[in-house]
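Coordinates as given in input-v2.cif (mmCIF, C-alpha atoms):
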data_work
#
loop_
_atom_site.label_atom_id
_atom_site.label_comp_id
_atom_site.auth_asym_id
_atom_site.auth_seq_id
_atom_site.Cartn_x
_atom_site.Cartn_y
_atom_site.Cartn_z
CA MET Q 1 -37.63 58.56 -53.17
CA ALA Q 2 -35.51 55.60 -52.00
CA ARG Q 3 -36.54 54.24 -48.68
CA ARG Q 4 -33.66 53.92 -46.24
CA LEU Q 5 -33.44 51.24 -43.58
CA ALA Q 6 -31.86 51.92 -40.25
CA PRO Q 7 -28.19 51.00 -40.44
CA SER Q 8 -27.55 47.63 -38.77
CA ILE Q 9 -24.58 47.12 -36.50
CA ASN Q 10 -21.69 45.57 -38.32
CA SER Q 11 -21.24 42.14 -36.86
CA GLY Q 12 -18.24 41.16 -38.89
CA SER Q 13 -15.86 41.57 -35.99
CA MET Q 14 -17.99 39.61 -33.56
CA ALA Q 15 -16.26 36.41 -34.56
CA ASP Q 16 -12.90 37.95 -33.85
CA ILE Q 17 -14.00 38.93 -30.39
CA ALA Q 18 -15.34 35.45 -29.83
CA PHE Q 19 -12.05 33.89 -30.83
CA LEU Q 20 -10.18 36.31 -28.65
CA LEU Q 21 -12.20 35.20 -25.65
CA LEU Q 22 -11.81 31.58 -26.60
CA ILE Q 23 -8.06 31.88 -26.77
CA PHE Q 24 -7.99 33.72 -23.45
CA PHE Q 25 -9.87 30.96 -21.69
CA LEU Q 26 -7.87 28.27 -23.38
CA ILE Q 27 -4.66 29.72 -22.09
CA SER Q 28 -5.82 30.69 -18.63
CA THR Q 29 -7.43 27.41 -17.63
CA THR Q 30 -5.18 24.65 -16.49
CA ILE Q 31 -6.27 21.13 -16.93
CA GLU Q 32 -5.67 19.36 -13.69
CA THR Q 33 -2.85 16.86 -13.96
CA ASP Q 34 -1.72 14.67 -11.15
CA GLN Q 35 1.74 15.26 -9.87
CA GLY Q 36 3.82 13.73 -7.18
CA ILE Q 37 7.06 12.13 -6.13
CA SER Q 38 7.90 9.22 -8.39
CA ARG Q 39 9.66 6.27 -6.85
CA LYS Q 40 10.56 2.81 -7.93
CA LEU Q 41 10.04 -0.07 -5.57
CA PRO Q 42 12.74 -2.70 -5.31
CA PRO Q 43 11.80 -5.94 -7.04
CA LEU Q 44 11.09 -9.01 -4.97
CA ILE Q 45 13.94 -11.46 -4.92
CA ASP Q 46 13.77 -14.88 -3.39
CA ASP Q 47 16.90 -14.82 -1.29
CA PRO Q 48 17.73 -11.30 -0.28
CA ALA Q 49 21.40 -10.85 -0.84
CA THR Q 50 23.18 -9.31 2.06
CA ALA Q 51 25.09 -6.39 0.73
CA ASP Q 52 27.93 -5.31 2.89
CA ILE Q 53 27.88 -1.60 3.32
CA LYS Q 54 30.44 0.07 5.44
CA GLU Q 55 29.06 1.93 8.38
CA LYS Q 56 30.51 5.19 7.14
CA ASN Q 57 28.79 4.80 3.78
CA LEU Q 58 25.40 4.50 5.38
CA PHE Q 59 23.27 7.50 6.22
CA LYS Q 60 20.60 6.37 8.61
CA VAL Q 61 17.36 8.29 8.59
CA GLU Q 62 14.76 7.08 10.99
CA LEU Q 63 11.19 8.24 11.48
CA ASN Q 64 9.75 7.09 14.74
CA GLN Q 65 6.16 6.69 15.87
CA LEU Q 66 6.15 10.14 17.49
CA ASN Q 67 6.93 11.74 14.13
CA GLN Q 68 10.45 12.62 15.10
CA LEU Q 69 13.32 12.57 12.69
CA LEU Q 70 16.52 10.85 13.69
CA VAL Q 71 19.60 11.08 11.53
CA GLU Q 72 22.50 8.87 12.59
CA ASP Q 73 20.69 8.49 15.91
CA HIS Q 74 20.53 12.22 16.54
CA LEU Q 75 17.31 14.12 16.65
CA ILE Q 76 17.32 16.86 14.00
CA LYS Q 77 14.87 19.26 12.43
CA ILE Q 78 13.49 18.51 9.00
CA SER Q 79 14.78 21.81 7.68
CA ASP Q 80 18.34 20.60 8.36
CA LEU Q 81 17.87 17.24 6.70
CA LYS Q 82 18.69 18.36 3.16
CA LYS Q 83 21.93 19.97 4.25
CA ALA Q 84 22.96 16.90 6.20
CA ALA Q 85 22.15 14.60 3.27
CA ILE Q 86 24.11 16.76 0.84
CA ALA Q 87 27.09 16.86 3.18
CA PHE Q 88 26.99 13.08 3.39
CA LEU Q 89 26.56 12.38 -0.34
CA ASP Q 90 29.06 14.95 -1.49
CA ASN Q 91 31.68 14.10 1.09
CA GLY Q 92 34.06 12.15 -1.17
CA GLY Q 93 36.29 10.85 1.59
CA GLY Q 94 37.71 7.97 -0.43
CA SER Q 95 41.13 7.83 -1.99
CA GLY Q 96 42.70 5.82 -4.80
CA ASP Q 97 40.02 4.05 -6.82
CA LEU Q 98 37.29 5.66 -4.81
CA TYR Q 99 38.56 9.19 -5.17
CA CYS Q 100 35.73 11.48 -6.26
CA ASP Q 101 37.12 14.32 -8.36
CA TYR Q 102 33.85 16.28 -8.62
CA CYS Q 103 32.83 16.15 -4.98
CA LYS Q 104 33.00 19.41 -3.13
CA GLY Q 105 32.46 18.05 0.36
CA GLU Q 106 34.69 18.10 3.38
CA ARG Q 107 36.42 14.80 2.51
CA ASN Q 108 35.83 13.62 6.01
CA LEU Q 109 37.24 10.13 6.47
CA LYS Q 110 34.37 9.20 8.73
CA SER Q 111 31.70 9.93 6.15
CA SER Q 112 30.97 8.46 2.70
CA ASP Q 113 33.77 7.46 0.30
CA HIS Q 114 32.09 8.21 -2.98
CA PRO Q 115 28.54 9.12 -4.11
CA ASP Q 116 28.46 5.69 -5.78
CA LYS Q 117 28.87 4.01 -2.43
CA ALA Q 118 26.77 6.31 -0.33
CA VAL Q 119 23.47 4.76 0.68
CA ILE Q 120 20.68 6.52 2.45
CA SER Q 121 18.69 4.14 4.56
CA LEU Q 122 15.21 5.28 5.44
CA SER Q 123 13.37 3.39 8.11
CA LYS Q 124 10.00 4.18 9.51
CA SER Q 125 7.60 2.99 12.12
CA ARG Q 126 4.13 1.74 11.31
CA LYS Q 127 2.72 4.69 13.18
CA THR Q 128 4.64 7.37 11.33
CA ASN Q 129 2.40 9.93 9.70
CA TYR Q 130 2.24 9.73 5.89
CA ALA Q 131 2.51 13.49 5.44
CA PHE Q 132 5.66 13.50 7.53
CA TYR Q 133 7.12 10.65 5.52
CA ILE Q 134 6.42 12.53 2.28
CA ALA Q 135 8.13 15.62 3.68
CA VAL Q 136 11.23 13.55 4.45
CA GLN Q 137 11.18 11.87 1.03
CA ASN Q 138 10.85 15.30 -0.51
CA GLU Q 139 13.93 16.60 1.31
CA LEU Q 140 16.00 13.57 0.33
CA VAL Q 141 14.99 13.84 -3.33
CA ALA Q 142 15.80 17.55 -3.12
CA ALA Q 143 19.30 16.73 -1.87
CA TYR Q 144 19.94 14.51 -4.88
CA SER Q 145 18.52 16.97 -7.37
CA ASP Q 146 20.51 19.85 -5.86
CA LEU Q 147 23.74 17.95 -6.38
CA ARG Q 148 22.74 16.87 -9.88
CA ASN Q 149 21.80 20.41 -10.78
CA ARG Q 150 25.18 21.63 -9.63
CA GLU Q 151 27.10 19.09 -11.71
CA ALA Q 152 24.88 19.60 -14.76
CA LYS Q 153 25.48 23.35 -14.56
CA ARG Q 154 29.22 22.83 -14.27
CA LEU Q 155 29.42 20.40 -17.21
CA TYR Q 156 26.77 21.68 -19.59
CA GLY Q 157 25.74 25.07 -18.26
CA ILE Q 158 22.14 24.00 -17.71
CA SER Q 159 20.46 22.52 -14.67
CA TYR Q 160 19.46 18.87 -14.45
CA ILE Q 161 15.81 19.75 -13.97
CA ALA Q 162 15.88 21.95 -17.09
CA MET Q 163 17.48 19.15 -19.10
CA LYS Q 164 14.75 16.75 -18.06
CA GLU Q 165 12.15 19.35 -18.96
CA ASN Q 166 13.76 19.83 -22.38
CA LEU Q 167 13.73 16.11 -23.01
CA LYS Q 168 9.94 16.11 -23.11
CA ASN Q 169 9.88 18.69 -25.91
CA GLU Q 170 12.77 17.28 -27.91
CA GLN Q 171 12.08 15.63 -31.25
CA ASP Q 172 13.70 12.31 -32.02
CA GLY Q 173 17.12 12.78 -33.48
CA ASN Q 174 20.70 13.39 -32.68
CA ASP Q 175 19.99 16.18 -30.20
CA LYS Q 176 17.79 13.91 -28.18
CA ARG Q 177 20.43 11.19 -28.01
CA ILE Q 178 22.98 13.71 -26.77
CA LEU Q 179 20.55 15.01 -24.18
CA ILE Q 180 19.75 11.52 -22.90
CA ALA Q 181 23.45 10.72 -22.66
CA ARG Q 182 24.03 13.90 -20.68
CA ILE Q 183 21.16 13.20 -18.31
CA ASN Q 184 22.42 9.70 -17.73
CA ARG Q 185 25.92 10.95 -17.09
CA VAL Q 186 24.78 13.43 -14.45
CA ARG Q 187 22.49 10.83 -12.94
CA SER Q 188 25.33 8.34 -12.66
CA MET Q 189 27.50 10.88 -10.86
CA TYR Q 190 25.01 10.94 -8.01
CA PRO Q 191 23.01 7.71 -8.30
CA GLU Q 192 19.93 7.63 -6.15
CA ARG Q 193 20.59 4.98 -3.57
CA LEU Q 194 17.72 5.28 -1.22
CA SER Q 195 17.00 2.09 0.60
CA GLU Q 196 13.95 1.38 2.66
CA ALA Q 197 15.10 -2.15 3.42
CA VAL Q 198 15.95 -3.21 6.89
CA THR Q 199 19.57 -2.62 7.64
CA LYS Q 200 21.39 -4.43 10.38
CA SER Q 201 24.71 -3.50 11.73
CA ARG Q 202 27.26 -6.19 12.34
CA ASP Q 203 28.84 -6.19 15.67
CA MET J 1 -33.97 69.65 -49.67
CA SER J 2 -36.33 67.10 -48.34
CA LYS J 3 -34.28 64.45 -50.06
CA PHE J 4 -31.69 64.52 -47.31
CA LYS J 5 -34.07 64.75 -44.42
CA LYS J 6 -33.49 62.01 -41.94
CA LYS J 7 -36.12 59.41 -41.60
CA LYS J 8 -37.76 59.46 -38.24
CA SER J 9 -35.99 56.80 -36.19
CA GLY J 10 -39.01 55.29 -34.60
CA GLU J 11 -38.06 51.60 -34.51
CA LEU J 12 -34.73 50.41 -33.13
CA PRO J 13 -32.40 48.63 -35.51
CA ALA J 14 -32.40 44.88 -34.95
CA ILE J 15 -29.27 43.49 -33.39
CA SER J 16 -27.67 40.99 -35.64
CA THR J 17 -27.73 37.48 -34.28
CA ALA J 18 -25.35 36.11 -36.84
CA SER J 19 -22.59 35.74 -34.27
CA LEU J 20 -24.67 33.94 -31.71
CA PRO J 21 -23.48 30.54 -32.93
CA ASP J 22 -19.91 31.68 -32.53
CA ILE J 23 -20.47 32.59 -28.94
CA VAL J 24 -22.20 29.35 -28.22
CA PHE J 25 -19.43 27.35 -29.81
CA MET J 26 -16.90 29.32 -27.87
CA LEU J 27 -18.57 28.44 -24.60
CA LEU J 28 -18.89 24.86 -25.71
CA PHE J 29 -15.21 24.56 -26.52
CA PHE J 30 -14.31 26.20 -23.24
CA PHE J 31 -16.28 23.75 -21.18
CA MET J 32 -15.13 20.81 -23.25
CA VAL J 33 -11.54 21.66 -22.58
CA ALA J 34 -11.79 22.69 -18.96
CA THR J 35 -13.90 19.88 -17.63
CA VAL J 36 -12.09 17.04 -16.01
CA MET J 37 -14.15 13.95 -15.55
CA ARG J 38 -13.68 12.44 -12.16
CA GLN J 39 -13.10 8.75 -12.48
CA ASN J 40 -13.96 7.67 -9.00
CA THR J 41 -16.28 9.01 -6.38
CA LEU J 42 -14.25 9.42 -3.27
CA MET J 43 -15.55 7.74 -0.17
CA ILE J 44 -12.60 8.76 1.93
CA GLU J 45 -11.00 11.96 3.07
CA ASN J 46 -8.23 12.77 0.66
CA LYS J 47 -6.14 15.69 1.75
CA LEU J 48 -2.90 15.09 -0.09
CA PRO J 49 0.38 16.15 1.49
CA TYR J 50 2.59 18.85 0.00
CA ALA J 51 5.88 18.38 -1.82
CA ASP J 52 7.96 20.40 -4.22
CA GLN J 53 10.23 17.81 -5.85
CA ILE J 54 7.46 16.58 -8.07
CA GLU J 55 7.02 15.09 -11.47
CA LYS J 56 3.90 15.24 -13.55
CA LEU J 57 1.94 12.16 -14.44
CA ASP J 58 1.29 12.92 -18.05
CA LYS J 59 -0.25 9.87 -19.63
CA LYS J 60 -3.51 9.45 -17.78
CA ASP J 61 -4.37 6.15 -19.39
CA LEU J 62 -1.23 4.58 -17.97
CA VAL J 63 -2.03 5.39 -14.36
CA MET J 64 -3.79 3.21 -11.83
CA TYR J 65 -5.15 4.92 -8.79
CA ILE J 66 -5.17 3.61 -5.26
CA TYR J 67 -6.83 5.83 -2.69
CA ALA J 68 -6.43 5.59 1.05
CA GLY J 69 -7.56 7.60 4.01
CA LYS J 70 -10.17 7.84 6.70
CA PRO J 71 -13.72 7.18 5.51
CA SER J 72 -15.57 10.43 5.00
CA SER J 73 -18.33 11.33 7.44
CA ARG J 74 -21.10 9.74 5.36
CA TYR J 75 -19.49 6.33 5.45
CA ARG J 76 -18.09 6.48 8.93
CA ALA J 77 -20.98 4.57 10.45
CA SER J 78 -20.53 1.62 8.13
CA ALA J 79 -16.81 1.69 7.51
CA GLY J 80 -15.40 2.83 10.82
CA ASN J 81 -12.93 5.65 11.22
CA GLN J 82 -9.69 3.85 10.73
CA PRO J 83 -7.92 4.60 7.41
CA ARG J 84 -9.16 2.37 4.61
CA ILE J 85 -8.16 1.65 1.03
CA GLN J 86 -10.45 2.55 -1.82
CA LEU J 87 -10.17 0.88 -5.23
CA ASN J 88 -12.48 2.08 -7.98
CA ASP J 89 -15.71 2.91 -6.19
CA LYS J 90 -15.47 0.53 -3.27
CA PHE J 91 -13.67 0.13 -0.02
CA ALA J 92 -11.17 -2.67 -0.30
CA ALA J 93 -8.92 -4.75 1.86
CA VAL J 94 -5.17 -4.91 1.40
CA GLU J 95 -5.47 -8.34 -0.23
CA ASP J 96 -7.71 -6.94 -2.99
CA ILE J 97 -4.89 -4.81 -4.42
CA LYS J 98 -3.29 -7.70 -6.28
CA ALA J 99 -6.54 -8.57 -8.04
CA PHE J 100 -7.12 -4.90 -8.83
CA ILE J 101 -3.69 -4.46 -10.42
CA LEU J 102 -4.04 -7.64 -12.44
CA ALA J 103 -7.48 -6.58 -13.65
CA GLU J 104 -6.15 -3.17 -14.66
CA ARG J 105 -3.31 -4.82 -16.52
CA THR J 106 -5.52 -7.09 -18.56
CA ALA J 107 -7.55 -4.07 -19.63
CA LYS J 108 -4.47 -2.42 -21.15
CA ARG J 109 -2.63 -3.27 -24.32
CA GLU J 110 0.21 -5.66 -23.70
CA GLU J 111 3.00 -3.39 -24.91
CA LEU J 112 1.91 -0.67 -22.49
CA ILE J 113 2.10 -2.81 -19.37
CA PRO J 114 5.74 -1.99 -18.48
CA PHE J 115 4.86 1.72 -18.45
CA LEU J 116 1.98 1.46 -16.02
CA THR J 117 2.37 3.60 -12.94
CA THR J 118 0.47 3.29 -9.71
CA ALA J 119 -0.54 6.60 -8.20
CA LEU J 120 -0.96 6.44 -4.45
CA LYS J 121 -3.44 9.08 -3.44
CA VAL J 122 -3.10 8.80 0.28
CA ASP J 123 -4.46 11.19 2.85
CA GLY J 124 -1.75 12.97 4.80
CA ASP J 125 -3.16 11.77 8.09
CA THR J 126 -2.72 8.08 7.34
CA ASN J 127 -0.10 6.08 9.14
CA MET J 128 2.77 4.48 7.27
CA GLY J 129 1.72 0.97 8.25
CA LEU J 130 -1.10 1.01 5.73
CA VAL J 131 1.08 2.58 3.05
CA GLY J 132 3.75 -0.03 3.72
CA ASP J 133 1.18 -2.79 3.31
CA ILE J 134 0.07 -1.32 -0.02
CA LYS J 135 3.66 -1.10 -1.18
CA LYS J 136 4.31 -4.69 -0.21
CA GLU J 137 1.30 -5.87 -2.22
CA LEU J 138 2.48 -3.84 -5.21
CA ARG J 139 5.90 -5.42 -5.01
CA ASP J 140 4.28 -8.85 -4.97
CA VAL J 141 2.63 -8.21 -8.33
CA GLN J 142 5.67 -6.45 -9.81
CA ALA J 143 3.94 -3.09 -10.06
CA LEU J 144 7.10 -1.27 -9.14
CA LYS J 145 6.59 2.18 -10.58
CA ILE J 146 4.75 4.25 -8.05
CA ASN J 147 3.99 7.89 -7.58
CA TYR J 148 3.06 9.45 -4.30
CA THR J 149 0.52 11.97 -5.51
CA THR J 150 0.98 15.27 -3.74
CA ARG J 151 -0.01 18.88 -3.99
CA GLN J 152 2.57 21.39 -5.01
CA GLY J 153 3.81 23.39 -2.08
CA ASP J 154 6.37 23.65 0.64
CA ALA J 155 6.88 20.32 2.37
CA ALA J 156 7.13 22.09 5.72
CA LYS J 157 3.36 22.59 5.56
CA ASN J 158 2.96 18.86 6.16
CA LEU J 159 4.19 19.10 9.69
CA LYS J 160 1.32 21.06 11.11
#

Would you mind writing the file out in structure tokens?
Amino acid sequence: MARRLAPSINSGSMADIAFLLLIFFLISTTIETDQGISRKLPPLIDDPATADIKEKNLFKVELNQLNQLLVEDHLIKISDLKKAAIAFLDNGGGSGDLYCDYCKGERNLKSSDHPDKAVISLSKSRKTNYAFYIAVQNELVAAYSDLRNREAKRLYGISYIAMKENLKNEQDGNDKRILIARINRVRSMYPERLSEAVTKSRD
Amino acid sequence: MSKFKKKKSGELPAISTASLPDIVFMLLFFFMVATVMRQNTLMIENKLPYADQIEKLDKKDLVMYIYAGKPSSRYRASAGNQPRIQLNDKFAAVEDIKAFILAERTAKREELIPFLTTALKVDGDTNMGLVGDIKKELRDVQALKINYTTRQGDAAKNLK
């Protein structure tokens, strides 16, 4: 009579289960990457050239030591800053050479001529809180990217942020060159002119 | 019919351990992937501000870190409670930043130097004077690409 052993549990699928778990954890854990607002500092030049900027092309943002936000010498709330910055950048009040055919602003003659000319000047006190400064930077960057998104959607049917995201995944080739050209075009429509230099008004 | 009579199941069948290595490897891989090595031990408080217009810093080897904030409670007796700069594992003065950047640069391959970014990990409660001083030093050594490291979130949370 043949002796029978107790049937052992089939472990063939154990590996599958293990891989399943492995894949689950791989997908669900995020590796911490640093993220933040990228800026470029102006290079040091020996004799600072005095650029003449018309008063109407200058958007003065001031952060004082009491953590108050002053835009064009008026106290405003930070939630209104983005709207004010967009209204200024997108104003397009110029005519002739400076006419801006894609601006959708009010074309107020007392505000900026063209996005190319519009400069945002950010000044701060030594006692301003860093978190507050970051919040203001964030709003100003948001104003630029809102306008760029709008133009990118109008021209290419895709937002500026999405184009930049696509650029990271794009392989080298013709498509990439087209994408870079598009990004540069949108960027040049609303160039980021954010100055932290000291501005003086001429009397 | 005794041929088909079941054997008395006295002893339990042994559980196969053939898959134990799989499980161990799985755990190993998981921890290998998920662990982030901290480069510096923080000696300062570092509660980063919030922002939502952010970009990721992908290439970790091209980033130099400058920390700033109030010394944490352990170091308060020796370092005071005014915001300080931390470079690597030490408190540093503003003048040390230049040397730090130059040292970091020499450690990198020459063709990578233009792509180096400086990440400013500054506590939200610091005043802009210190940050301005850091930025001035960075301009002096032509380290112009900076990144204000933030947490993702609504910027309005910074105002509390």

Nearest to Pro114 (chain J), chosen from J:Ala156, J:Leu87, J:Ala77, J:Ala143, with all atoms listed in the file counted in the distances: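 Of all the options, J:Ala143 lies closest to Pro114 (chain J).
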
Among the residues J:Met43, J:Ala79, J:Ile54, J:Leu138, the one that comes closest to chain Q [using all atoms listed in the file]: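 The shortest atom-to-atom distance to chain Q comes from J:Ile54.
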
At most 6 Å to chain J: residues in chain Q, all atoms listed in the file, as number ranges by chain: Q: 6, 8, 18, 22, 34-41, 126-131, 135, 138

Taking the file above as input, evaluate the PyMOL selection byres ((chain Q and resi 118-125) around 6) and report the hits as a PDB file with C-alpha atoms, in the coordinates of the input.
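Final file, result-v8.pdb:
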ATOM      1  CA  ASN Q  57      28.790   4.800   3.780  1.00  0.00           C
ATOM      2  CA  LEU Q  58      25.400   4.500   5.380  1.00  0.00           C
ATOM      3  CA  PHE Q  59      23.270   7.500   6.220  1.00  0.00           C
ATOM      4  CA  LYS Q  60      20.600   6.370   8.610  1.00  0.00           C
ATOM      5  CA  VAL Q  61      17.360   8.290   8.590  1.00  0.00           C
ATOM      6  CA  GLU Q  62      14.760   7.080  10.990  1.00  0.00           C
ATOM      7  CA  LEU Q  63      11.190   8.240  11.480  1.00  0.00           C
ATOM      8  CA  ASN Q  64       9.750   7.090  14.740  1.00  0.00           C
ATOM      9  CA  GLN Q  65       6.160   6.690  15.870  1.00  0.00           C
ATOM     10  CA  SER Q 112      30.970   8.460   2.700  1.00  0.00           C
ATOM     11  CA  PRO Q 115      28.540   9.120  -4.110  1.00  0.00           C
ATOM     12  CA  ASP Q 116      28.460   5.690  -5.780  1.00  0.00           C
ATOM     13  CA  LYS Q 117      28.870   4.010  -2.430  1.00  0.00           C
ATOM     14  CA  ARG Q 126       4.130   1.740  11.310  1.00  0.00           C
ATOM     15  CA  LYS Q 127       2.720   4.690  13.180  1.00  0.00           C
ATOM     16  CA  THR Q 128       4.640   7.370  11.330  1.00  0.00           C
ATOM     17  CA  ARG Q 193      20.590   4.980  -3.570  1.00  0.00           C
ATOM     18  CA  LEU Q 194      17.720   5.280  -1.220  1.00  0.00           C
ATOM     19  CA  SER Q 195      17.000   2.090   0.600  1.00  0.00           C
ATOM     20  CA  GLU Q 196      13.950   1.380   2.660  1.00  0.00           C
TER      21      GLU Q 196
END

Explicit residues for the PyMOL selection byres ((chain J and resi 75) around 12) (as a ChimeraX atom specification): /J:42-45,70-74,76-84,90-91

Among the residues Q:Met163, Q:Leu179, Q:Leu140, Q:Leu66, the one that comes closest to Ala84 (chain Q) [using only C-alpha atoms]: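 Residue with the minimum atom-to-atom distance to Ala84 (chain Q): Q:Leu140.
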
Shell around Ala87 (chain Q) at 8 Å using only C-alpha atoms, local window under 4 positions removed, as a list of chain:residue names: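 After dropping sequence-adjacent residues, the list is Q:Lys83, Q:Asn91, Q:Gly105, Q:Glu106.
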
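Once the PyMOL selection byres ((chain J and resi 104) around 12) is applied to this file, the selection holds Asp61, Leu62, Val63, Met64, Tyr65, Ile66, Leu87, Asn88, Ile97, Lys98, Ala99, Phe100, Ile101, Leu102, Ala103, Arg105, Thr106, Ala107, Lys108, Arg109, Glu110, Leu112, Ile113, Leu116, Thr117, Thr118, Val141 and Ala143 of chain J.
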
Prev. selection, C-alpha atoms, output as a PDB file, in the coordinates of the input:
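Output saved as part-v5.pdb:
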ATOM      1  CA  ASP J  61      -4.370   6.150 -19.390  1.00  0.00           C
ATOM      2  CA  LEU J  62      -1.230   4.580 -17.970  1.00  0.00           C
ATOM      3  CA  VAL J  63      -2.030   5.390 -14.360  1.00  0.00           C
ATOM      4  CA  MET J  64      -3.790   3.210 -11.830  1.00  0.00           C
ATOM      5  CA  TYR J  65      -5.150   4.920  -8.790  1.00  0.00           C
ATOM      6  CA  ILE J  66      -5.170   3.610  -5.260  1.00  0.00           C
ATOM      7  CA  LEU J  87     -10.170   0.880  -5.230  1.00  0.00           C
ATOM      8  CA  ASN J  88     -12.480   2.080  -7.980  1.00  0.00           C
ATOM      9  CA  ILE J  97      -4.890  -4.810  -4.420  1.00  0.00           C
ATOM     10  CA  LYS J  98      -3.290  -7.700  -6.280  1.00  0.00           C
ATOM     11  CA  ALA J  99      -6.540  -8.570  -8.040  1.00  0.00           C
ATOM     12  CA  PHE J 100      -7.120  -4.900  -8.830  1.00  0.00           C
ATOM     13  CA  ILE J 101      -3.690  -4.460 -10.420  1.00  0.00           C
ATOM     14  CA  LEU J 102      -4.040  -7.640 -12.440  1.00  0.00           C
ATOM     15  CA  ALA J 103      -7.480  -6.580 -13.650  1.00  0.00           C
ATOM     16  CA  ARG J 105      -3.310  -4.820 -16.520  1.00  0.00           C
ATOM     17  CA  THR J 106      -5.520  -7.090 -18.560  1.00  0.00           C
ATOM     18  CA  ALA J 107      -7.550  -4.070 -19.630  1.00  0.00           C
ATOM     19  CA  LYS J 108      -4.470  -2.420 -21.150  1.00  0.00           C
ATOM     20  CA  ARG J 109      -2.630  -3.270 -24.320  1.00  0.00           C
ATOM     21  CA  GLU J 110       0.210  -5.660 -23.700  1.00  0.00           C
ATOM     22  CA  LEU J 112       1.910  -0.670 -22.490  1.00  0.00           C
ATOM     23  CA  ILE J 113       2.100  -2.810 -19.370  1.00  0.00           C
ATOM     24  CA  LEU J 116       1.980   1.460 -16.020  1.00  0.00           C
ATOM     25  CA  THR J 117       2.370   3.600 -12.940  1.00  0.00           C
ATOM     26  CA  THR J 118       0.470   3.290  -9.710  1.00  0.00           C
ATOM     27  CA  VAL J 141       2.630  -8.210  -8.330  1.00  0.00           C
ATOM     28  CA  ALA J 143       3.940  -3.090 -10.060  1.00  0.00           C
TER      29      ALA J 143
END

Gap from CA of Ile134 (chain Q) to CA of Leu81 (chain Q) - Å, one decimal: 13.1 Å

Å distance separating CA of Asn184 (chain Q) from CA of Ser159 (chain Q), one decimal place: 13.3 Å

Who sits within 12 Å of Leu155 (chain Q), only C-alpha atoms, same chain under 3 positions skipped, as a PyMOL selection string: chain Q and resi 102+148-152+158-160+182-183+185-186+189

Keeping only C-alpha atoms, take the residues you just selected and write them out as a PDB file, keeping the file's coordinate frame.
ATOM      1  CA  TYR Q 102      33.850  16.280  -8.620  1.00  0.00           C
ATOM      2  CA  ARG Q 148      22.740  16.870  -9.880  1.00  0.00           C
ATOM      3  CA  ASN Q 149      21.800  20.410 -10.780  1.00  0.00           C
ATOM      4  CA  ARG Q 150      25.180  21.630  -9.630  1.00  0.00           C
ATOM      5  CA  GLU Q 151      27.100  19.090 -11.710  1.00  0.00           C
ATOM      6  CA  ALA Q 152      24.880  19.600 -14.760  1.00  0.00           C
ATOM      7  CA  ILE Q 158      22.140  24.000 -17.710  1.00  0.00           C
ATOM      8  CA  SER Q 159      20.460  22.520 -14.670  1.00  0.00           C
ATOM      9  CA  TYR Q 160      19.460  18.870 -14.450  1.00  0.00           C
ATOM     10  CA  ARG Q 182      24.030  13.900 -20.680  1.00  0.00           C
ATOM     11  CA  ILE Q 183      21.160  13.200 -18.310  1.00  0.00           C
ATOM     12  CA  ARG Q 185      25.920  10.950 -17.090  1.00  0.00           C
ATOM     13  CA  VAL Q 186      24.780  13.430 -14.450  1.00  0.00           C
ATOM     14  CA  MET Q 189      27.500  10.880 -10.860  1.00  0.00           C
TER      15      MET Q 189
END

Å distance separating CA of Pro42 (chain Q) from CA of Phe115 (chain J), one decimal place: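 Going from CA of Pro42 (chain Q) over to CA of Phe115 (chain J), I get 15.9 Å.
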